[in-house]
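What follows is entry_14.cif (mmCIF, C-alpha atoms).
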data_coords
loop_
_atom_site.label_atom_id
_atom_site.label_comp_id
_atom_site.auth_asym_id
_atom_site.auth_seq_id
_atom_site.Cartn_x
_atom_site.Cartn_y
_atom_site.Cartn_z
CA MET A 1 -30.63 14.01 -5.42
CA THR A 2 -31.37 10.63 -3.86
CA ILE A 3 -28.43 8.97 -2.17
CA LEU A 4 -28.16 5.24 -1.66
CA ARG A 5 -27.29 3.92 1.78
CA THR A 6 -23.90 4.94 3.04
CA ALA A 7 -21.06 2.46 2.71
CA PRO A 8 -20.86 0.21 5.80
CA LEU A 9 -19.17 1.85 8.75
CA LEU A 10 -18.18 0.12 11.95
CA ALA A 11 -20.70 0.67 14.73
CA SER A 12 -19.74 2.37 17.95
CA SER A 13 -21.43 4.16 20.83
CA PRO A 14 -21.40 7.98 20.75
CA PRO A 15 -17.85 8.97 21.79
CA THR A 16 -16.75 11.79 24.06
CA SER A 17 -15.58 14.80 22.05
CA LEU A 18 -11.81 15.39 21.89
CA SER A 19 -9.84 17.89 19.81
CA SER A 20 -7.70 17.11 16.75
CA VAL A 21 -5.54 18.64 14.05
CA GLU A 22 -5.43 16.98 10.63
CA LEU A 23 -2.25 17.34 8.56
CA PHE A 24 -1.92 16.39 4.86
CA ALA A 25 -5.68 15.79 4.93
CA GLY A 26 -6.19 14.95 1.26
CA ALA A 27 -9.83 14.13 0.56
CA GLY A 28 -10.43 13.65 4.30
CA GLY A 29 -10.39 9.87 4.83
CA LEU A 30 -8.40 9.96 8.08
CA ALA A 31 -10.23 13.10 9.21
CA LEU A 32 -13.61 11.43 8.62
CA GLY A 33 -12.56 8.37 10.60
CA CYS A 34 -11.38 10.54 13.48
CA GLU A 35 -14.59 12.60 13.40
CA LEU A 36 -16.69 9.43 13.55
CA GLU A 37 -14.77 8.34 16.64
CA GLY A 38 -15.14 11.61 18.54
CA PHE A 39 -12.14 13.73 17.47
CA HIS A 40 -13.26 17.11 16.16
CA ALA A 41 -10.77 19.01 14.03
CA ALA A 42 -9.64 22.45 15.18
CA ALA A 43 -7.68 22.76 11.91
CA THR A 44 -7.57 20.71 8.70
CA LEU A 45 -4.52 21.31 6.49
CA GLU A 46 -3.88 20.29 2.87
CA TRP A 47 -1.90 21.87 0.02
CA ASN A 48 -3.73 20.36 -3.01
CA ARG A 49 -6.49 22.68 -4.16
CA TRP A 50 -8.74 19.92 -5.50
CA ALA A 51 -8.66 18.07 -2.20
CA CYS A 52 -9.30 21.33 -0.34
CA ASP A 53 -12.26 21.98 -2.65
CA THR A 54 -13.62 18.53 -1.75
CA MET A 55 -13.41 19.27 1.97
CA ARG A 56 -14.85 22.78 1.58
CA GLN A 57 -17.64 21.52 -0.66
CA ASN A 58 -18.76 18.99 1.93
CA ARG A 59 -18.33 21.51 4.75
CA ASP A 60 -20.38 24.15 2.95
CA ALA A 61 -23.06 21.59 2.07
CA GLY A 62 -23.43 20.92 5.79
CA HIS A 63 -22.14 17.35 5.79
CA PRO A 64 -22.51 16.23 9.43
CA LEU A 65 -18.86 15.16 9.66
CA ALA A 66 -17.30 18.08 7.79
CA ARG A 67 -19.52 21.06 8.60
CA ASN A 68 -17.15 22.46 11.23
CA TRP A 69 -13.87 21.87 9.39
CA LYS A 70 -11.53 24.86 9.20
CA VAL A 71 -9.69 24.15 5.97
CA PHE A 72 -6.24 25.67 5.45
CA GLU A 73 -4.93 25.40 1.88
CA GLY A 74 -1.16 25.55 1.98
CA ASP A 75 2.06 24.18 3.44
CA VAL A 76 1.82 22.91 7.03
CA ARG A 77 5.09 24.74 7.71
CA ASP A 78 3.32 28.06 7.07
CA TYR A 79 0.52 27.59 9.60
CA ASN A 80 0.49 29.63 12.82
CA TRP A 81 -0.04 27.17 15.68
CA GLU A 82 0.08 29.72 18.48
CA ASP A 83 -3.65 29.69 19.29
CA LEU A 84 -3.82 25.88 19.42
CA SER A 85 -0.72 25.15 21.48
CA ARG A 86 -1.23 22.67 24.32
CA LYS A 87 -4.95 22.25 23.54
CA ILE A 88 -4.94 19.33 21.09
CA ASP A 89 -5.68 15.69 21.94
CA VAL A 90 -4.46 14.13 18.67
CA VAL A 91 -2.52 15.21 15.58
CA SER A 92 -3.28 12.92 12.65
CA GLY A 93 -2.21 12.81 9.04
CA GLY A 94 -0.56 11.02 6.17
CA PRO A 95 2.64 12.77 5.06
CA PRO A 96 3.28 12.53 1.29
CA CYS A 97 4.17 8.97 0.37
CA GLN A 98 6.17 9.63 -2.81
CA PRO A 99 9.58 9.63 -1.04
CA PHE A 100 8.96 6.00 -0.01
CA SER A 101 6.63 4.59 -2.66
CA THR A 102 7.73 1.60 -4.74
CA GLY A 103 6.36 3.45 -7.77
CA GLY A 104 8.56 6.51 -7.29
CA LYS A 105 12.26 7.33 -7.06
CA ALA A 106 12.38 6.43 -3.35
CA LEU A 107 14.64 9.32 -2.37
CA ALA A 108 13.46 9.42 1.27
CA ALA A 109 15.27 12.26 3.08
CA ASP A 110 16.58 13.62 -0.24
CA ASP A 111 13.05 14.13 -1.58
CA PRO A 112 11.75 17.67 -0.91
CA ARG A 113 8.29 16.15 -0.39
CA ASP A 114 9.44 14.32 2.75
CA MET A 115 7.24 15.92 5.40
CA PHE A 116 8.18 13.80 8.42
CA PRO A 117 10.53 16.52 9.77
CA ALA A 118 7.70 19.05 9.34
CA THR A 119 5.35 16.69 11.18
CA ALA A 120 7.78 16.52 14.10
CA GLU A 121 7.92 20.32 14.19
CA VAL A 122 4.11 20.44 14.46
CA LEU A 123 4.27 18.03 17.40
CA ALA A 124 6.91 20.26 19.01
CA SER A 125 4.66 23.31 18.55
CA LEU A 126 1.42 21.73 19.80
CA ALA A 127 2.58 19.04 22.26
CA PRO A 128 -0.62 17.05 21.58
CA ARG A 129 -1.51 14.19 23.85
CA SER A 130 -1.20 11.73 20.96
CA PHE A 131 -0.66 11.37 17.23
CA ILE A 132 -1.71 9.04 14.41
CA ILE A 133 0.49 8.98 11.30
CA GLU A 134 -0.08 6.84 8.17
CA ASN A 135 2.18 6.09 5.21
CA VAL A 136 2.85 3.52 2.51
CA ARG A 137 4.35 0.16 3.40
CA GLY A 138 7.38 1.09 1.30
CA LEU A 139 8.51 3.09 4.31
CA ALA A 140 9.14 -0.22 6.10
CA ARG A 141 11.32 -1.64 3.29
CA PRO A 142 14.82 -2.78 4.30
CA ARG A 143 16.43 -0.03 2.22
CA PHE A 144 14.73 2.56 4.45
CA ALA A 145 15.34 0.75 7.75
CA GLU A 146 17.70 3.37 9.15
CA TYR A 147 15.59 6.30 7.95
CA PHE A 148 12.45 4.66 9.35
CA GLU A 149 14.28 4.41 12.68
CA TYR A 150 15.17 8.08 12.34
CA ILE A 151 11.51 8.99 11.75
CA GLN A 152 10.44 7.14 14.90
CA HIS A 153 13.16 8.80 17.00
CA ARG A 154 12.29 12.19 15.50
CA LEU A 155 8.62 11.77 16.40
CA ALA A 156 9.53 10.47 19.85
CA ILE A 157 11.62 13.58 20.67
CA PRO A 158 10.06 16.24 18.41
CA GLU A 159 11.61 19.29 20.08
CA ASP A 160 15.10 18.13 19.16
CA SER A 161 15.52 19.46 15.61
CA ALA A 162 18.59 18.92 13.47
CA ARG A 163 21.35 21.39 14.21
CA ASP A 164 22.94 23.62 11.58
CA GLY A 165 25.08 21.51 9.26
CA GLU A 166 23.82 18.25 10.75
CA ASP A 167 22.46 15.70 8.27
CA TRP A 168 19.85 13.16 9.26
CA THR A 169 22.36 10.36 9.93
CA GLN A 170 24.25 12.57 12.37
CA HIS A 171 20.97 13.68 13.90
CA LEU A 172 19.94 10.03 14.30
CA THR A 173 23.14 9.25 16.23
CA ARG A 174 22.36 12.04 18.66
CA LEU A 175 18.66 11.12 18.94
CA ARG A 176 19.53 7.52 19.75
CA ALA A 177 21.54 8.71 22.74
CA GLU A 178 18.94 11.23 23.88
CA ARG A 179 16.04 8.81 23.61
CA VAL A 180 17.63 6.56 26.26
CA SER A 181 19.07 9.40 28.29
CA ARG A 182 17.73 9.91 31.81
CA THR A 183 18.81 13.55 31.75
CA TYR A 184 16.74 14.64 28.72
CA ASN A 185 13.71 16.56 30.07
CA GLY A 186 12.06 17.69 26.82
CA LEU A 187 8.81 16.59 25.21
CA ARG A 188 8.73 12.81 24.65
CA TYR A 189 6.33 10.36 23.00
CA ARG A 190 6.00 6.61 23.27
CA VAL A 191 5.88 5.56 19.61
CA THR A 192 4.48 2.30 18.25
CA SER A 193 4.68 1.30 14.58
CA ALA A 194 2.66 -1.38 12.81
CA LEU A 195 2.24 -2.66 9.26
CA VAL A 196 -1.42 -3.33 8.51
CA ASP A 197 -3.56 -4.71 5.69
CA ALA A 198 -6.82 -2.76 5.58
CA ALA A 199 -8.67 -5.89 4.41
CA ASN A 200 -8.07 -7.42 7.83
CA TYR A 201 -10.16 -4.62 9.35
CA GLY A 202 -13.20 -4.82 7.10
CA VAL A 203 -12.08 -2.61 4.20
CA PRO A 204 -12.88 -4.20 0.79
CA GLN A 205 -9.33 -3.58 -0.42
CA ARG A 206 -5.85 -5.10 0.01
CA ARG A 207 -4.17 -1.93 1.19
CA HIS A 208 -0.95 -2.32 3.19
CA ARG A 209 0.06 0.70 5.24
CA VAL A 210 2.44 1.70 8.02
CA ILE A 211 0.70 3.15 11.07
CA LEU A 212 2.64 5.17 13.65
CA VAL A 213 0.86 6.01 16.91
CA GLY A 214 2.38 8.00 19.74
CA PHE A 215 1.26 9.06 23.23
CA ARG A 216 2.91 11.77 25.26
CA ASP A 217 5.20 10.08 27.75
CA ASP A 218 3.71 11.77 30.81
CA LEU A 219 0.38 10.05 30.11
CA ASP A 220 1.91 6.63 30.83
CA ILE A 221 -0.12 4.93 28.05
CA ASP A 222 1.05 1.71 26.41
CA TRP A 223 -0.77 1.17 23.10
CA SER A 224 -0.93 -1.69 20.63
CA LEU A 225 -2.73 -2.04 17.32
CA PRO A 226 -6.25 -3.51 17.67
CA THR A 227 -6.48 -7.14 16.62
CA ALA A 228 -7.75 -8.00 13.13
CA THR A 229 -11.48 -8.51 12.66
CA HIS A 230 -11.60 -10.13 9.18
CA SER A 231 -9.67 -12.84 7.34
CA SER A 232 -9.17 -14.41 3.91
CA ALA A 233 -9.81 -17.89 5.28
CA ALA A 234 -13.20 -16.82 6.59
CA LEU A 235 -14.05 -15.41 3.14
CA MET A 236 -13.13 -18.67 1.41
CA VAL A 237 -15.26 -20.66 3.84
CA ASP A 238 -18.20 -18.26 3.40
CA GLN A 239 -17.96 -18.45 -0.38
CA TRP A 240 -17.70 -22.22 -0.77
CA HIS A 241 -19.32 -23.58 2.38
CA GLY A 242 -21.48 -20.61 3.33
CA THR A 243 -24.01 -18.23 1.78
CA TYR A 244 -21.83 -15.63 0.02
CA PHE A 245 -22.77 -16.42 -3.59
CA ASP A 246 -26.40 -17.23 -2.77
CA ARG A 247 -27.05 -13.99 -0.91
CA HIS A 248 -25.48 -12.07 -3.80
CA GLU A 249 -27.61 -14.14 -6.23
CA VAL A 250 -24.61 -15.18 -8.31
CA ALA A 251 -25.49 -18.05 -10.64
CA PRO A 252 -23.03 -21.00 -10.61
CA VAL A 253 -21.93 -20.21 -14.17
CA HIS A 254 -20.83 -16.71 -13.08
CA ARG A 255 -18.88 -17.81 -10.04
CA PRO A 256 -15.07 -18.01 -10.03
CA GLN A 257 -13.31 -21.34 -10.23
CA ARG A 258 -13.78 -23.40 -7.11
CA PRO A 259 -10.59 -23.84 -5.04
CA THR A 260 -9.12 -27.30 -4.62
CA GLU A 261 -10.50 -29.44 -1.82
CA SER A 262 -7.12 -29.33 -0.09
CA GLY A 263 -7.22 -25.54 -0.25
CA LEU A 264 -10.73 -25.46 1.18
CA HIS A 265 -9.77 -27.89 3.91
CA LYS A 266 -6.80 -25.72 4.83
CA ALA A 267 -9.06 -22.64 4.94
CA ARG A 268 -11.56 -24.40 7.22
CA GLU A 269 -8.78 -25.54 9.52
CA SER A 270 -7.19 -22.09 9.75
CA ALA A 271 -10.37 -19.98 9.88
CA ASP A 272 -10.85 -18.29 13.24
CA ALA A 273 -14.53 -18.38 14.22
CA ALA A 274 -14.12 -14.95 15.79
CA LEU A 275 -13.10 -13.35 12.47
CA LEU A 276 -15.48 -12.15 9.77
CA PRO A 277 -14.89 -12.77 6.06
CA TRP A 278 -12.86 -10.25 4.12
CA ARG A 279 -15.21 -7.82 2.39
CA THR A 280 -15.09 -8.00 -1.40
CA VAL A 281 -15.64 -5.62 -4.30
CA ARG A 282 -19.04 -7.24 -4.76
CA ASP A 283 -19.90 -6.61 -1.10
CA ALA A 284 -18.95 -2.96 -1.54
CA ILE A 285 -20.71 -2.07 -4.80
CA HIS A 286 -23.39 -4.72 -5.44
CA ASP A 287 -26.31 -2.33 -4.86
CA LEU A 288 -24.98 0.43 -7.14
CA PRO A 289 -26.33 0.62 -10.69
CA GLU A 290 -23.90 0.19 -13.56
CA PRO A 291 -22.30 3.59 -14.20
CA GLY A 292 -23.18 5.33 -17.46
CA LEU A 293 -21.52 8.03 -19.53
CA MET A 294 -24.11 10.56 -18.42
CA GLY A 295 -23.78 9.71 -14.76
CA SER A 296 -26.58 9.00 -12.31
CA THR A 297 -29.26 11.23 -10.85
CA ASP A 298 -29.47 8.95 -7.83
CA VAL A 299 -25.81 8.50 -6.88
CA LEU A 300 -23.07 11.09 -6.40
CA ASN A 301 -19.90 10.79 -8.53
CA HIS A 302 -21.13 7.72 -10.41
CA VAL A 303 -20.05 8.27 -14.04
CA LEU A 304 -18.49 5.75 -16.43
CA LYS A 305 -14.95 6.64 -17.48
CA PRO A 306 -14.25 5.05 -20.88
CA GLY A 307 -10.91 3.76 -22.15
CA ALA A 308 -9.95 1.14 -19.56
CA ARG A 309 -7.11 -1.11 -20.63
CA SER A 310 -5.00 -3.71 -18.88
CA TYR A 311 -1.33 -4.50 -19.18
CA PRO A 312 1.04 -6.85 -17.35
CA GLY A 313 0.82 -6.30 -13.62
CA HIS A 314 -2.22 -4.02 -13.98
CA THR A 315 -5.15 -6.26 -14.76
CA GLY A 316 -7.88 -4.92 -12.51
CA SER A 317 -9.73 -6.23 -9.47
CA THR A 318 -12.16 -9.13 -9.47
CA TYR A 319 -15.65 -8.99 -7.95
CA ASP A 320 -15.22 -11.67 -5.32
CA GLN A 321 -12.02 -10.60 -3.56
CA PRO A 322 -11.05 -7.32 -1.92
CA SER A 323 -9.84 -4.92 -4.59
CA LYS A 324 -6.21 -4.25 -5.27
CA ALA A 325 -4.95 -1.06 -3.62
CA LEU A 326 -6.38 1.93 -5.44
CA LYS A 327 -3.60 4.05 -6.87
CA ALA A 328 -2.97 7.74 -7.36
CA GLY A 329 -0.70 9.33 -9.94
CA GLY A 330 0.60 8.32 -13.35
CA HIS A 331 1.24 4.68 -12.39
CA GLY A 332 -2.37 4.08 -11.45
CA VAL A 333 -4.54 6.74 -13.13
CA PRO A 334 -5.12 5.48 -15.75
CA GLY A 335 -4.00 1.99 -14.84
CA GLY A 336 -5.08 -1.47 -13.84
CA GLU A 337 -5.58 -1.12 -10.10
CA ASN A 338 -8.53 1.24 -10.55
CA MET A 339 -10.44 -1.16 -12.78
CA LEU A 340 -13.06 -3.85 -12.32
CA ARG A 341 -12.41 -7.15 -14.10
CA ARG A 342 -15.64 -9.07 -14.70
CA GLN A 343 -15.88 -12.86 -14.65
CA ASP A 344 -15.88 -12.94 -18.49
CA GLY A 345 -12.56 -11.05 -18.57
CA SER A 346 -14.00 -7.70 -19.69
CA ILE A 347 -12.85 -4.61 -17.84
CA ARG A 348 -13.95 -1.09 -17.04
CA TYR A 349 -12.78 1.66 -14.72
CA PHE A 350 -14.35 1.94 -11.31
CA SER A 351 -16.52 5.01 -11.04
CA VAL A 352 -15.49 7.56 -8.45
CA ARG A 353 -18.38 6.44 -6.21
CA GLU A 354 -17.37 2.80 -6.50
CA SER A 355 -13.82 3.76 -5.56
CA ALA A 356 -15.18 5.78 -2.64
CA ARG A 357 -17.11 2.70 -1.52
CA ILE A 358 -13.90 0.64 -1.71
CA GLN A 359 -12.22 3.31 0.44
CA THR A 360 -15.30 3.18 2.77
CA PHE A 361 -16.24 6.84 2.32
CA PRO A 362 -19.90 7.66 3.06
CA ASP A 363 -22.16 7.87 0.00
CA ASP A 364 -23.19 11.43 0.83
CA TYR A 365 -19.58 12.66 0.80
CA GLU A 366 -18.98 14.29 -2.59
CA LEU A 367 -15.59 14.25 -4.34
CA HIS A 368 -14.69 17.44 -6.21
CA GLY A 369 -12.97 17.58 -9.58
CA ALA A 370 -12.61 15.62 -12.81
CA TRP A 371 -12.26 11.81 -12.73
CA GLY A 372 -8.45 11.85 -12.65
CA GLU A 373 -8.33 14.39 -9.82
CA THR A 374 -10.96 12.64 -7.71
CA MET A 375 -9.33 9.25 -8.25
CA ARG A 376 -6.02 10.77 -7.18
CA GLN A 377 -7.66 12.00 -3.99
CA LEU A 378 -9.11 8.57 -3.28
CA GLY A 379 -5.90 6.78 -4.21
CA ASN A 380 -4.03 8.86 -1.63
CA ALA A 381 -6.69 8.52 1.07
CA VAL A 382 -6.75 6.49 4.26
CA PRO A 383 -9.76 4.13 4.18
CA VAL A 384 -12.33 5.62 6.54
CA ASP A 385 -13.02 2.33 8.32
CA LEU A 386 -9.30 1.70 8.93
CA ALA A 387 -8.99 5.24 10.28
CA ARG A 388 -11.91 4.50 12.61
CA VAL A 389 -10.27 1.38 14.01
CA VAL A 390 -7.09 3.24 14.94
CA ALA A 391 -8.86 6.44 16.06
CA ARG A 392 -11.25 4.48 18.28
CA SER A 393 -8.39 2.75 20.06
CA VAL A 394 -6.54 6.04 20.60
CA HIS A 395 -9.73 7.75 21.82
CA LYS A 396 -10.37 4.90 24.25
CA ALA A 397 -6.82 5.10 25.62
CA LEU A 398 -7.07 8.86 26.14
CA ASN A 399 -10.47 8.57 27.83
CA GLU A 400 -9.23 5.85 30.16
CA GLN A 401 -6.28 8.04 31.06
CA ASN A 402 -8.68 10.94 31.78
CA HIS A 403 -10.76 8.75 34.07
CA SER A 404 -7.72 7.48 35.94
CA ILE A 405 -6.79 11.07 36.80
CA TRP A 406 -10.19 12.73 37.35
CA GLY A 407 -12.41 9.77 38.13
CA THR A 408 -15.64 8.94 36.32
CA THR A 409 -18.61 11.29 36.37
#
Would you encode the structure as structure tokens?
Amino acid sequence: MTILRTAPLLASSPPTSLSSVELFAGAGGLALGCELEGFHAAATLEWNRWACDTMRQNRDAGHPLARNWKVFEGDVRDYNWEDLSRKIDVVSGGPPCQPFSTGGKALAADDPRDMFPATAEVLASLAPRSFIIENVRGLARPRFAEYFEYIQHRLAIPEDSARDGEDWTQHLTRLRAERVSRTYNGLRYRVTSALVDAANYGVPQRRHRVILVGFRDDLDIDWSLPTATHSSAALMVDQWHGTYFDRHEVAPVHRPQRPTESGLHKARESADAALLPWRTVRDAIHDLPEPGLMGSTDVLNHVLKPGARSYPGHTGSTYDQPSKALKAGGHGVPGGENMLRRQDGSIRYFSVRESARIQTFPDDYELHGAWGETMRQLGNAVPVDLARVVARSVHKALNEQNHSIWGTT
């Protein structure tokens, strides 16, 4: 099978190898980003069998990023961490988002799928040098403010579990005191949280996510989220005063409505010359053939799914902007976010490969399962390029800390 070029990935020099553990791995988006930036997984954990099949399929096919993955299918609370204790540089993962999603019941601590306490227990078992945790932006909603604070305290002092009969609010009161205490000598992490839009880091998708990064306190590392590399203003300037439509060979009749001159002037005034244009759906999929019902012999996972329909609030993504956030579950599969809306108003579902491009997965990474299952995997995934941005910054911080202790070689 011939594979088209891989979806664009951010360039970097070959990184020094460090060890990782991937929790709630899903289809492997965060794991792939960490692998590309020099973190090699000692264990990769996921409970969903379809997602595990995807990771195993790519591992067994010898994919260069997945060929050494040790996939554990099951609950992270059932894994024996004894052999890995004190040997891991980073724990990464995206705990289930349903307890905090705007599309769910938003039960937070009362949802049995809340895996933040389990994540803290893994940190307590492994004492990794750092961690990278991702979740939906709903976690940062005002209604969850106190529980979000609890999560950050819990990750900062992971060895301090809730006591018998102690609910999370009581536990939070105690953690607040212990986090500022000078007498507490247990494992500590410096935790930083950030709300990001993946489009601002070169992902062709408006995907807002909470990122939590922690470094073990004894490392004395202060971390901040890398600055954005792309902007909407730069895209507008490129489209209407640059070469965007010409290089994509889009005839004037097929272009979207031109913004007002005042809007263009505002974009030119606000555009930072150091920032690249947001990447669009067209940028991501322009060189793929139209998907057909029989699929493609040249492209993995590129089959047309019939039956697309739109309804209020779910009208699909246009070619010349980043896509809407791909969705997983009943509210998005089937649904409007996972559709392409053409300039003439007609719609169709994105193929799995197009969705993988939008999530910046490599073209030679195969998704396992029927359309609904593979779209669910992608809708739950961390965009690979966003994962790379965060993983690269964490890798750099750990390497610099190594050099400060041991000196360069």
Can you spell out as a VMD selection string the set of residues that the PyMOL selection byres ((chain A and resi 356) around 12) selects in the structure I just provided? chain A and resid 6 to 8 27 to 29 203 to 205 281 284 to 285 299 to 302 326 338 350 to 355 357 to 367 374 to 385
Suppose a student applies the PyMOL selection byres ((chain A and resi 343) around 10) to this structure; what residues should they get, written as number ranges by chain? A: 253-257, 318-320, 340-342, 344-347
Hey, can you check how far atom CA of Arg209 of chain A sits from atom CA of Asp287 of chain A? 28.4 Å
Could you name the residues that touch segment 116-126 of chain A at 7 Å or less, counting all atoms listed in the file, but leaving out those on the same chain fewer than 3 positions away, as JSON, numbers by chain? {"A": [77, 81, 84, 85, 86, 88, 95, 151, 154, 155, 158, 159]}
So that I have them on file, write out the residues from the current selection with C-alpha atoms, as a short mmCIF file (atom, residue, chain, number, x, y, z; two decimals), in the frame of the given file.
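Done, and the output landed in out35.cif:
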data_model
loop_
_atom_site.label_atom_id
_atom_site.label_comp_id
_atom_site.auth_asym_id
_atom_site.auth_seq_id
_atom_site.Cartn_x
_atom_site.Cartn_y
_atom_site.Cartn_z
CA ARG A 77 5.09 24.74 7.71
CA TRP A 81 -0.04 27.17 15.68
CA LEU A 84 -3.82 25.88 19.42
CA SER A 85 -0.72 25.15 21.48
CA ARG A 86 -1.23 22.67 24.32
CA ILE A 88 -4.94 19.33 21.09
CA PRO A 95 2.64 12.77 5.06
CA ILE A 151 11.51 8.99 11.75
CA ARG A 154 12.29 12.19 15.50
CA LEU A 155 8.62 11.77 16.40
CA PRO A 158 10.06 16.24 18.41
CA GLU A 159 11.61 19.29 20.08
#
Find the residues near Pro96 of chain A: any atom within 10 Å, counting all atoms listed in the file, skip ones fewer than 6 places away on the same chain, and give them as an NGL selection string. :A and (24 or 26 or 113-116 or 134-136 or 380)
I'd like the neighbourhood of Val191 of chain A as a list in words, where a residue qualifies if any of its atoms comes within 12 Å (using all atoms listed in the file), though same-chain residues fewer than 3 positions away should be ignored.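 After dropping sequence-adjacent residues, the list is Ser130, Phe131, Ile132, Ile133, Glu149, Ile151, Gln152, His153, Arg154, Leu155, Ala156, Ile157, Pro158, Arg179, Arg188, Ala194, Ile211, Leu212, Val213, Gly214, Phe215, Arg216, Asp217, Asp220, Ile221, Asp222, Trp223, Ser224 and Leu225 of chain A.
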Given the PyMOL selection byres ((chain A and resi 310) around 12) and the file above, list the residues it selects as a compact mmCIF listing (two decimals) with C-alpha atoms, keeping the file's coordinate frame.
# COMPACT_ATOMS: atom_id res chain seq x y z
CA GLY A 307 -10.91 3.76 -22.15
CA ALA A 308 -9.95 1.14 -19.56
CA ARG A 309 -7.11 -1.11 -20.63
CA TYR A 311 -1.33 -4.50 -19.18
CA PRO A 312 1.04 -6.85 -17.35
CA GLY A 313 0.82 -6.30 -13.62
CA HIS A 314 -2.22 -4.02 -13.98
CA THR A 315 -5.15 -6.26 -14.76
CA GLY A 316 -7.88 -4.92 -12.51
CA SER A 317 -9.73 -6.23 -9.47
CA GLY A 332 -2.37 4.08 -11.45
CA VAL A 333 -4.54 6.74 -13.13
CA PRO A 334 -5.12 5.48 -15.75
CA GLY A 335 -4.00 1.99 -14.84
CA GLY A 336 -5.08 -1.47 -13.84
CA GLU A 337 -5.58 -1.12 -10.10
CA ASN A 338 -8.53 1.24 -10.55
CA MET A 339 -10.44 -1.16 -12.78
CA LEU A 340 -13.06 -3.85 -12.32
CA ARG A 341 -12.41 -7.15 -14.10
CA GLY A 345 -12.56 -11.05 -18.57
CA SER A 346 -14.00 -7.70 -19.69
CA ILE A 347 -12.85 -4.61 -17.84
CA ARG A 348 -13.95 -1.09 -17.04
CA TYR A 349 -12.78 1.66 -14.72
Straight-line distance linking atom CA of Gly186 of chain A with atom CA of Val90 of chain A, stated in Å to one decimal: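 Going from atom CA of Gly186 of chain A over to atom CA of Val90 of chain A, I get 18.8 Å.
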Tell me which of A:His286, A:Val210, A:Trp69, A:Glu146 sits closest to Thr192 of chain A, counting only C-alpha atoms.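 Among the listed residues, A:Val210 lies closest to Thr192 of chain A.
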Report as a PyMOL selection string all protein, DNA and RNA residues lying within 6 Å of segment 228-236 of chain A, evaluated on only C-alpha atoms, omitting residues in the same chain fewer than 4 positions from it. chain A and resi 200-202+267+271+275-278
May I ask for the distance between atom CA of Cys52 of chain A and atom CA of His368 of chain A, given in Å to one decimal place?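 Value for the atom CA of Cys52 of chain A-atom CA of His368 of chain A distance: 8.9 Å.
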Nearest to Pro64 of chain A, restricted to only C-alpha atoms and choosing among A:Ala25, A:Leu172, A:Leu36, A:Met294, comes out as A:Leu36
